[in-house]
Amino acid sequence: MTRDISPDIRYLRLFFTRPHKCSYLPDREAVTSFVDPSIAIGTGLYSQLSRMGFRRSGKFFYAPSCGTCQACIACRVVAGEFAFTRAFRRCLNKSRDLSRQLVQDIDRDEHFEIFERYIGARHRDGDMYPPSRDQYLDFLGEAMPSTRYLEFRDRGELVSCAVVDLLDDGLSAIYTYYQPELEQRSPGTLAILSLVELARDLALPYVYLGYWIAECRKMAYKNRFQPLEIFADNQWQPLTASDK
């Protein structure tokens, strides 16, 4: 077995971007901190960083470091206590005909075709449009040892994929892409619910969902998945009605 030898998290070097336009709240500026990309980050250190509110994007590990704004808040679902509401069960049941498989290796041509169609249909106004194969590989296709792909297939045809990292204490949801025709099945919600089920099967306590932003419609939806914990005041705590 290969031992995960990670540097002491107390001595990690961080880099900070210059202030730039916020991607989520257009009236604000953002500053992002990145872990030195020359450092080899194993699963143990990655798990520690996640518990401190960091996220992974491609080979970079980052966290918001905006001096005057604290709108981006790391969040995670408590899998073992998750409330499968009637609406959530309907979402799952509507797609029981799809096969689900967690894999480590993928057909990149097959996956890029879905990713390309997804970005073209859903994110033409974003910085990933137009999508390229190199962009896909940098962002999602060049996996870490901890990365897995939860594939959803309809009679063998790939229709959706949730990219996820296996951490010491949970699953970190990185990104989901799908065929635009799947929209009526609520594939984003389906992916999160499937990851909660998977975390339970693996006896992992959490599903990390990235940043919850109450003032941003695209990011505020995460408070639907309860119980949800947020990383605030340097500790994880339940999301309350007053937080919402």
# chains A, B, ... in the order shown; residues from 1 in each chain; ligands from 1
call {"tool": "residues_around", "arguments": {"residues": "A:Asp36", "least_positions_apart": "5", "cutoff": "9 Å", "atoms": "only C-alpha atoms", "output": "VMD selection string"}}
result
chain A and resid 12 to 15 60 to 61
call {"tool": "closest_atom_pairs", "arguments": {"of": "stretch 4-67 of chain A", "to": "stretch 171-180 of chain A", "cutoff": "9 Å", "atoms": "only C-alpha atoms", "output": "JSON lines"}}
result
{"residue": "A:Ser50", "atom": "CA", "partner": "A:Ser172", "partner_atom": "CA", "distance": 8.3}
{"residue": "A:Arg55", "atom": "CA", "partner": "A:Ile174", "partner_atom": "CA", "distance": 8.4}
{"residue": "A:Arg56", "atom": "CA", "partner": "A:Ile174", "partner_atom": "CA", "distance": 7.3}
{"residue": "A:Ser57", "atom": "CA", "partner": "A:Ile174", "partner_atom": "CA", "distance": 7.6}
call {"tool": "residues_around", "arguments": {"residues": "A:Cys161", "least_positions_apart": "5", "cutoff": "10 Å", "atoms": "only C-alpha atoms", "output": "PyMOL selection string"}}
result
chain A and resi 100-102+111+114-115+149-153+175-179+187-188+191
call {"tool": "select_by_dssp", "arguments": {"residues": "stretch 51-235 of chain A", "states": "strand (DSSP E or B)", "output": "tab-separated table (two decimals) with C-alpha atoms, in the first residue's frame"}}
result
chain	number	residue	atom	x	y	z
A	55	ARG	CA	-12.19	23.43	-2.89
A	56	ARG	CA	-10.46	21.77	-5.83
A	57	SER	CA	-10.67	22.99	-9.43
A	60	PHE	CA	-5.71	23.98	-7.94
A	61	PHE	CA	-6.95	24.09	-4.35
A	62	TYR	CA	-8.56	27.42	-3.54
A	63	ALA	CA	-10.75	29.36	-1.13
A	64	PRO	CA	-12.37	32.81	-1.25
A	73	ILE	CA	-19.56	29.84	2.57
A	74	ALA	CA	-18.33	26.25	2.32
A	75	CYS	CA	-21.10	23.74	2.97
A	76	ARG	CA	-21.56	20.01	3.38
A	77	VAL	CA	-24.53	17.66	3.72
A	78	VAL	CA	-24.69	15.39	6.77
A	99	SER	CA	-27.94	2.69	-14.34
A	100	ARG	CA	-25.40	4.25	-12.00
A	101	GLN	CA	-21.78	3.19	-11.70
A	102	LEU	CA	-18.82	4.72	-9.88
A	103	VAL	CA	-15.70	4.38	-12.04
A	147	THR	CA	-11.22	11.16	-8.20
A	148	ARG	CA	-14.13	9.02	-9.33
A	149	TYR	CA	-16.85	9.48	-11.93
A	150	LEU	CA	-20.44	8.58	-11.13
A	151	GLU	CA	-21.83	7.70	-14.54
A	152	PHE	CA	-25.53	7.66	-15.32
A	153	ARG	CA	-26.46	5.59	-18.38
A	154	ASP	CA	-29.67	4.93	-20.27
A	157	GLU	CA	-25.62	5.37	-23.34
A	158	LEU	CA	-23.89	7.94	-21.14
A	159	VAL	CA	-26.39	10.68	-20.23
A	160	SER	CA	-24.85	12.32	-17.15
A	161	CYS	CA	-21.74	12.29	-14.97
A	162	ALA	CA	-21.01	13.58	-11.49
A	163	VAL	CA	-17.29	14.08	-10.90
A	164	VAL	CA	-16.46	13.40	-7.25
A	165	ASP	CA	-13.40	13.09	-5.03
A	166	LEU	CA	-13.19	10.50	-2.26
A	170	GLY	CA	-16.81	12.22	2.74
A	171	LEU	CA	-17.36	12.84	-0.93
A	172	SER	CA	-16.50	16.17	-2.53
A	173	ALA	CA	-18.86	16.97	-5.42
A	174	ILE	CA	-16.72	18.67	-8.07
A	175	TYR	CA	-18.97	19.10	-11.10
A	176	THR	CA	-21.93	17.54	-12.89
A	177	TYR	CA	-22.61	17.61	-16.63
A	178	TYR	CA	-25.36	15.93	-18.61
A	206	TYR	CA	-20.43	14.08	4.57
A	207	VAL	CA	-21.01	15.23	1.01
A	208	TYR	CA	-19.14	18.49	0.37
A	209	LEU	CA	-21.07	20.74	-2.03
A	210	GLY	CA	-18.68	23.65	-2.46
A	211	TYR	CA	-19.86	27.17	-1.65
A	212	TRP	CA	-23.33	28.22	-0.62
A	228	LEU	CA	-26.58	21.22	5.85
A	229	GLU	CA	-23.50	22.41	7.73
A	230	ILE	CA	-21.61	25.58	6.87
A	231	PHE	CA	-18.01	26.55	7.65
A	232	ALA	CA	-18.30	29.85	9.52
A	235	GLN	CA	-15.82	25.87	12.49
call {"tool": "closest_residue", "arguments": {"among": "A:Ile9, A:Ile106, A:Ala199, A:Ile192", "to": "A:Asp168", "atoms": "only C-alpha atoms"}}
result
A:Ala199
call {"tool": "atom_distance", "arguments": {"atom1": "atom CA of A:Ser65", "atom2": "atom CA of A:Ala220"}}
result
19.5 Å
call {"tool": "closest_residue", "arguments": {"among": "A:Ala79, A:Arg117, A:Gly126, A:Cys72", "to": "A:Ile213", "atoms": "only C-alpha atoms"}}
result
A:Cys72
call {"tool": "closest_residue", "arguments": {"among": "A:Ser132, A:Pro37, A:Asn234, A:Cys69", "to": "A:Met52", "atoms": "only C-alpha atoms"}}
result
A:Asn234
call {"tool": "decode", "arguments": {"residues": "stretch 113-163 of chain A", "atoms": "N, CA and C atoms", "output": "CSV table (one decimal), in the first residue's frame"}}
result
chain,number,residue,atom,x,y,z
A,113,GLU,N,-18.0,14.8,-25.2
A,113,GLU,CA,-19.1,15.1,-26.1
A,113,GLU,C,-20.3,15.6,-25.2
A,114,ILE,N,-20.5,14.9,-24.0
A,114,ILE,CA,-21.6,15.3,-23.2
A,114,ILE,C,-21.3,16.7,-22.5
A,115,PHE,N,-20.0,16.8,-22.1
A,115,PHE,CA,-19.6,18.1,-21.5
A,115,PHE,C,-19.8,19.3,-22.4
A,116,GLU,N,-19.4,19.1,-23.7
A,116,GLU,CA,-19.5,20.1,-24.7
A,116,GLU,C,-20.9,20.5,-24.9
A,117,ARG,N,-21.8,19.5,-25.0
A,117,ARG,CA,-23.2,19.8,-25.3
A,117,ARG,C,-23.8,20.5,-24.0
A,118,TYR,N,-23.4,20.1,-22.9
A,118,TYR,CA,-23.9,20.7,-21.6
A,118,TYR,C,-23.5,22.2,-21.5
A,119,ILE,N,-22.2,22.5,-21.7
A,119,ILE,CA,-21.8,23.9,-21.6
A,119,ILE,C,-22.5,24.7,-22.7
A,120,GLY,N,-22.6,24.2,-23.9
A,120,GLY,CA,-23.3,24.9,-25.0
A,120,GLY,C,-24.7,25.3,-24.7
A,121,ALA,N,-25.4,24.4,-24.0
A,121,ALA,CA,-26.8,24.6,-23.7
A,121,ALA,C,-27.1,25.3,-22.4
A,122,ARG,N,-26.2,25.2,-21.4
A,122,ARG,CA,-26.5,25.8,-20.1
A,122,ARG,C,-25.6,26.9,-19.7
A,123,HIS,N,-24.4,27.1,-20.3
A,123,HIS,CA,-23.5,28.1,-19.8
A,123,HIS,C,-22.8,28.9,-20.9
A,124,ARG,N,-23.6,29.3,-21.9
A,124,ARG,CA,-23.1,30.1,-23.0
A,124,ARG,C,-22.6,31.5,-22.5
A,125,ASP,N,-23.1,31.9,-21.3
A,125,ASP,CA,-22.7,33.2,-20.8
A,125,ASP,C,-21.5,33.1,-19.8
A,126,GLY,N,-21.0,31.9,-19.6
A,126,GLY,CA,-19.9,31.7,-18.7
A,126,GLY,C,-18.5,31.7,-19.3
A,127,ASP,N,-17.5,31.6,-18.4
A,127,ASP,CA,-16.1,31.7,-18.9
A,127,ASP,C,-15.6,30.3,-19.5
A,128,MET,N,-16.5,29.3,-19.4
A,128,MET,CA,-16.1,28.0,-20.0
A,128,MET,C,-16.6,27.8,-21.4
A,129,TYR,N,-17.3,28.8,-21.9
A,129,TYR,CA,-17.9,28.8,-23.3
A,129,TYR,C,-17.0,29.6,-24.2
A,130,PRO,N,-16.6,29.1,-25.4
A,130,PRO,CA,-16.9,27.8,-25.9
A,130,PRO,C,-16.0,26.7,-25.3
A,131,PRO,N,-16.5,25.5,-25.0
A,131,PRO,CA,-15.7,24.5,-24.3
A,131,PRO,C,-14.7,23.9,-25.3
A,132,SER,N,-13.5,23.5,-24.8
A,132,SER,CA,-12.5,22.9,-25.6
A,132,SER,C,-12.1,21.6,-24.9
A,133,ARG,N,-11.5,20.7,-25.6
A,133,ARG,CA,-11.0,19.4,-25.0
A,133,ARG,C,-9.9,19.7,-24.0
A,134,ASP,N,-9.0,20.6,-24.3
A,134,ASP,CA,-7.9,20.9,-23.3
A,134,ASP,C,-8.5,21.4,-22.0
A,135,GLN,N,-9.5,22.3,-22.1
A,135,GLN,CA,-10.2,22.9,-21.0
A,135,GLN,C,-10.8,21.8,-20.1
A,136,TYR,N,-11.5,20.8,-20.8
A,136,TYR,CA,-12.1,19.7,-20.1
A,136,TYR,C,-11.1,18.9,-19.4
A,137,LEU,N,-10.0,18.6,-20.0
A,137,LEU,CA,-9.0,17.8,-19.4
A,137,LEU,C,-8.4,18.5,-18.2
A,138,ASP,N,-8.1,19.8,-18.3
A,138,ASP,CA,-7.5,20.6,-17.2
A,138,ASP,C,-8.5,20.6,-16.0
A,139,PHE,N,-9.8,20.8,-16.3
A,139,PHE,CA,-10.8,21.0,-15.3
A,139,PHE,C,-11.2,19.7,-14.6
A,140,LEU,N,-11.5,18.7,-15.5
A,140,LEU,CA,-12.2,17.5,-15.0
A,140,LEU,C,-11.6,16.1,-15.4
A,141,GLY,N,-10.9,16.1,-16.6
A,141,GLY,CA,-10.5,14.9,-17.2
A,141,GLY,C,-9.2,14.3,-16.7
A,142,GLU,N,-8.3,15.2,-16.1
A,142,GLU,CA,-7.1,14.7,-15.6
A,142,GLU,C,-7.3,14.5,-14.1
A,143,ALA,N,-7.6,13.4,-13.7
A,143,ALA,CA,-8.1,13.1,-12.3
A,143,ALA,C,-6.9,13.0,-11.3
A,144,MET,N,-7.3,13.2,-10.1
A,144,MET,CA,-6.4,12.9,-9.0
A,144,MET,C,-6.6,11.4,-8.6
A,145,PRO,N,-5.7,10.8,-7.8
A,145,PRO,CA,-5.9,9.5,-7.4
A,145,PRO,C,-7.3,9.3,-6.6
A,146,SER,N,-7.7,10.3,-6.0
A,146,SER,CA,-9.0,10.2,-5.2
A,146,SER,C,-10.2,10.5,-6.1
A,147,THR,N,-10.1,10.8,-7.4
A,147,THR,CA,-11.2,11.2,-8.2
A,147,THR,C,-11.9,9.9,-8.8
A,148,ARG,N,-13.3,10.0,-8.7
A,148,ARG,CA,-14.1,9.0,-9.3
A,148,ARG,C,-15.2,9.7,-10.2
A,149,TYR,N,-15.8,9.0,-11.1
A,149,TYR,CA,-16.8,9.5,-11.9
A,149,TYR,C,-18.1,8.6,-11.7
A,150,LEU,N,-19.2,9.3,-11.3
A,150,LEU,CA,-20.4,8.6,-11.1
A,150,LEU,C,-21.2,8.7,-12.4
A,151,GLU,N,-21.2,7.7,-13.2
A,151,GLU,CA,-21.8,7.7,-14.5
A,151,GLU,C,-23.3,7.3,-14.5
A,152,PHE,N,-24.1,8.0,-15.2
A,152,PHE,CA,-25.5,7.7,-15.3
A,152,PHE,C,-25.7,7.3,-16.8
A,153,ARG,N,-26.3,6.1,-17.0
A,153,ARG,CA,-26.5,5.6,-18.4
A,153,ARG,C,-27.9,5.1,-18.6
A,154,ASP,N,-28.3,5.4,-19.8
A,154,ASP,CA,-29.7,4.9,-20.3
A,154,ASP,C,-29.5,3.8,-21.3
A,155,ARG,N,-29.7,2.6,-20.9
A,155,ARG,CA,-29.4,1.4,-21.8
A,155,ARG,C,-28.1,1.5,-22.4
A,156,GLY,N,-27.1,1.8,-21.6
A,156,GLY,CA,-25.7,1.8,-22.0
A,156,GLY,C,-25.2,3.1,-22.5
A,157,GLU,N,-26.1,4.1,-22.8
A,157,GLU,CA,-25.6,5.4,-23.3
A,157,GLU,C,-25.4,6.3,-22.2
A,158,LEU,N,-24.2,7.0,-22.2
A,158,LEU,CA,-23.9,7.9,-21.1
A,158,LEU,C,-24.8,9.2,-21.3
A,159,VAL,N,-25.5,9.5,-20.2
A,159,VAL,CA,-26.4,10.7,-20.2
A,159,VAL,C,-26.0,11.7,-19.2
A,160,SER,N,-25.2,11.4,-18.2
A,160,SER,CA,-24.8,12.3,-17.1
A,160,SER,C,-23.6,11.8,-16.4
A,161,CYS,N,-22.9,12.7,-15.8
A,161,CYS,CA,-21.7,12.3,-15.0
A,161,CYS,C,-21.5,13.3,-13.8
A,162,ALA,N,-21.4,12.8,-12.6
A,162,ALA,CA,-21.0,13.6,-11.5
A,162,ALA,C,-19.6,13.3,-11.1
A,163,VAL,N,-18.7,14.2,-11.3
A,163,VAL,CA,-17.3,14.1,-10.9
A,163,VAL,C,-17.2,14.3,-9.4
